[in-house]
Amino acid sequence: MVGSNRELTHAIDTAEPGDVITIAPGTYRIKGSNSIQVRRPGRPDAPISVRAAAPGAVTLELEMLEGFHVHAPYWLFENLTIIGVCKNHSACEHAFHVVGEGHHFVARNNTIIDFNAHFKVNGAHAHFPDHGRIEWNSLVNSSPRSTDNPVTVIDIVAASDWSITDNLIADFIKDGGDQTSYGVFAKGAGERTRMERNVVLCEFRFAGRQGRRVGMSFGGGGSNSSACRDGRCIVEQAGGVMDANLIAYCADQGIYLNKAATSTITHNSLIDTGGINVRFPESSADVSGNLVDGVIVARDGGLLRAEDNIVTANAWLYLGRHPVRDLMANWAALDLAWQTEPPRRSHAAGSKQDLCGT
């Protein structure tokens, strides 16, 4: 067990495969110009863990540009509360920056608050941190982010085979620059990202702010060629899956596909968003079994195969009618109990588990 900043960084610097670094209960303020470097590799059969014995027992207050800079494989971080405490929001960019050789990274059951990108993932020196998992975390901000820098809670570029599951992602409002932000995106010519059973609330506590918030995206706003896995991003993401997510209160698209090939979008519930948008000829999507308080559209040559969805017609939206919302007890307060018999799919297919795990 470690009980100080120095002991923590020393344990990380000298870790061996299979080590479990348990932080003693308490609050730790970590600040400085250098991130915590994670350089020692674990193994598939012996990952290295950094953890609290119980959720809520350990709080790391980070006053630094990046918290953990992970460029070694097989590391697990769990049960931690991590808070960015920079007065200047541009000075707290990432809680975790996973790069290069940092494959098979896992973040589980953490509470992470007040960063521009709680997780930033990208390649380095022709290596890519594939096969990561972000699961059972609460990823939120306590105020809009006053920054011109990108604001995306989970920002994955050029990595493949990531799993984003069972997280709460909320209140990612960008209050500077282009005022455009995302809950989670995967882009940069990666493949097979899975986003399943997440709750994404774009502006839950801070409704009515100017700007655009997008819930989930394959492709985001596009990538610079230098950041692309293939050097040019013919497609931004291929073979991605979004299944059984709840996406609500977004002042733009709930789901946005930008040059996202062979995407599967199933069993998602979208409330008070701009719906689902499949854009550009490189995008193709099978969209089925979704409950959408809005529209599902293809734009600029996107290929859309839609079946068995419940949507709201454009004409009704112009008239201010939202029949999908009327299915629920109180959509504005996130009381999504059915007012009537739940709508059923016309055939049994798809998810092994729904958002509630059943």
# chains A, B, ... in the order shown; residues from 1 in each chain; ligands from 1
call {"tool": "residues_around", "arguments": {"residues": "A:Ile164", "least_positions_apart": "5", "cutoff": "10 Å", "atoms": "only C-alpha atoms", "output": "ChimeraX atom specification"}}
result
/A:107,132-137,154,184,193-198,242
call {"tool": "select_by_dssp", "arguments": {"residues": "stretch 17-259 of chain A", "states": "strand (DSSP E or B)", "output": "ChimeraX atom specification"}}
result
/A:20-23,26-31,36-38,43,46,48-52,58-63,66-70,75-78,81-84,94-99,106-108,111-113,117-122,124,127,133-135,138-140,145,151-157,163-165,168-170,174,180-187,190-191,194-196,199-201,212-218,237-238,241-243,246-248,255-258
call {"tool": "atom_distance", "arguments": {"atom1": "atom CA of A:Pro25", "atom2": "atom CA of A:Gly42"}}
result
24.8 Å
call {"tool": "residues_around", "arguments": {"residues": "stretch 29-35 of chain A", "least_positions_apart": "6", "cutoff": "9 Å", "atoms": "only C-alpha atoms", "output": "CSV table (one decimal) with C-alpha atoms, in the first residue's frame"}}
result
chain,number,residue,atom,x,y,z
A,5,ASN,CA,2.5,11.1,-3.9
A,59,THR,CA,-9.4,11.1,-4.2
A,60,LEU,CA,-6.6,12.3,-6.5
A,61,GLU,CA,-6.8,16.1,-7.1
A,62,LEU,CA,-4.8,16.8,-10.2
A,63,GLU,CA,-3.4,20.3,-10.9
A,64,MET,CA,-1.6,19.4,-14.1
A,65,LEU,CA,-2.1,19.3,-17.9
A,66,GLU,CA,-2.2,15.5,-18.0
A,67,GLY,CA,-2.6,13.0,-15.1
A,68,PHE,CA,-1.5,9.5,-16.1
A,69,HIS,CA,0.5,9.2,-19.3
call {"tool": "closest_residue", "arguments": {"among": "A:Asp148, A:Glu101, A:Asp130, A:Glu341", "to": "A:Gln179", "atoms": "only C-alpha atoms"}}
result
A:Asp148
call {"tool": "atom_distance", "arguments": {"atom1": "atom CA of A:Val235", "atom2": "atom CA of A:Gly301"}}
result
13.9 Å
call {"tool": "residues_around", "arguments": {"residues": "stretch 267-278 of chain A", "least_positions_apart": "5", "cutoff": "7 Å", "atoms": "only C-alpha atoms", "output": "ChimeraX atom specification"}}
result
/A:243-258,283,288-299,302,304
call {"tool": "residues_around", "arguments": {"residues": "stretch 331-336 of chain A", "least_positions_apart": "2", "cutoff": "10 Å", "atoms": "only C-alpha atoms", "output": "PDB file with C-alpha atoms, in the first residue's frame"}}
result
ATOM      1  CA  LEU A 201     -26.444  13.231 -20.891  1.00  0.00           C
ATOM      2  CA  PHE A 204     -28.023  17.491 -17.726  1.00  0.00           C
ATOM      3  CA  ALA A 248     -30.295  12.601 -23.994  1.00  0.00           C
ATOM      4  CA  TYR A 249     -30.365  16.403 -23.812  1.00  0.00           C
ATOM      5  CA  ILE A 271     -34.338  11.751 -26.143  1.00  0.00           C
ATOM      6  CA  ASP A 272     -34.218  15.492 -26.840  1.00  0.00           C
ATOM      7  CA  VAL A 324     -41.734   9.477 -28.387  1.00  0.00           C
ATOM      8  CA  ARG A 325     -41.376  11.586 -25.249  1.00  0.00           C
ATOM      9  CA  ASP A 326     -45.034  10.978 -24.520  1.00  0.00           C
ATOM     10  CA  LEU A 327     -44.289   7.272 -24.116  1.00  0.00           C
ATOM     11  CA  MET A 328     -42.381   8.044 -20.899  1.00  0.00           C
ATOM     12  CA  ALA A 329     -43.477   9.199 -17.460  1.00  0.00           C
ATOM     13  CA  TRP A 338     -43.316   3.606 -19.643  1.00  0.00           C
ATOM     14  CA  GLN A 339     -46.695   5.326 -19.473  1.00  0.00           C
TER      15      GLN A 339
END
call {"tool": "atom_distance", "arguments": {"atom1": "atom CA of A:Ile12", "atom2": "atom CA of A:Arg108"}}
result
18.0 Å
call {"tool": "residues_around", "arguments": {"residues": "A:Ala170", "least_positions_apart": "5", "cutoff": "7 Å", "atoms": "only C-alpha atoms", "output": "list in words"}}
result
Leu139, Val140, Asn141, Val200, Leu201, Cys202, Glu203 and Phe204 of chain A
call {"tool": "write_last_selection", "arguments": {"atoms": "N, CA and C atoms", "output": "tab-separated table (two decimals), in the first residue's frame"}}
result
chain	number	residue	atom	x	y	z
A	139	LEU	N	-18.15	9.88	-15.59
A	139	LEU	CA	-17.27	10.84	-16.24
A	139	LEU	C	-18.07	12.12	-16.44
A	140	VAL	N	-17.83	13.12	-15.61
A	140	VAL	CA	-18.69	14.30	-15.59
A	140	VAL	C	-17.84	15.56	-15.43
A	141	ASN	N	-18.50	16.70	-15.61
A	141	ASN	CA	-17.90	18.00	-15.31
A	141	ASN	C	-18.84	18.77	-14.40
A	200	VAL	N	-25.48	8.79	-21.72
A	200	VAL	CA	-24.82	10.02	-22.16
A	200	VAL	C	-25.82	11.17	-22.05
A	201	LEU	N	-25.57	12.08	-21.13
A	201	LEU	CA	-26.44	13.23	-20.89
A	201	LEU	C	-25.65	14.49	-21.22
A	202	CYS	N	-25.85	15.00	-22.42
A	202	CYS	CA	-24.98	16.07	-22.92
A	202	CYS	C	-25.00	17.30	-22.02
A	203	GLU	N	-26.18	17.72	-21.58
A	203	GLU	CA	-26.28	18.92	-20.74
A	203	GLU	C	-27.36	18.68	-19.70
A	204	PHE	N	-27.03	17.93	-18.71
A	204	PHE	CA	-28.02	17.49	-17.73
A	204	PHE	C	-28.29	18.58	-16.69
call {"tool": "residues_around", "arguments": {"residues": "A:Val287", "least_positions_apart": "2", "cutoff": "7 Å", "atoms": "only C-alpha atoms", "output": "list of chain:residue names"}}
result
A:Thr264, A:Ile265, A:Thr266, A:Ala285, A:Arg305, A:Ala306, A:Glu307
call {"tool": "closest_residue", "arguments": {"among": "A:Val311, A:Ile173, A:Val98, A:Ala158", "to": "A:Gly215", "atoms": "only C-alpha atoms"}}
result
A:Ile173
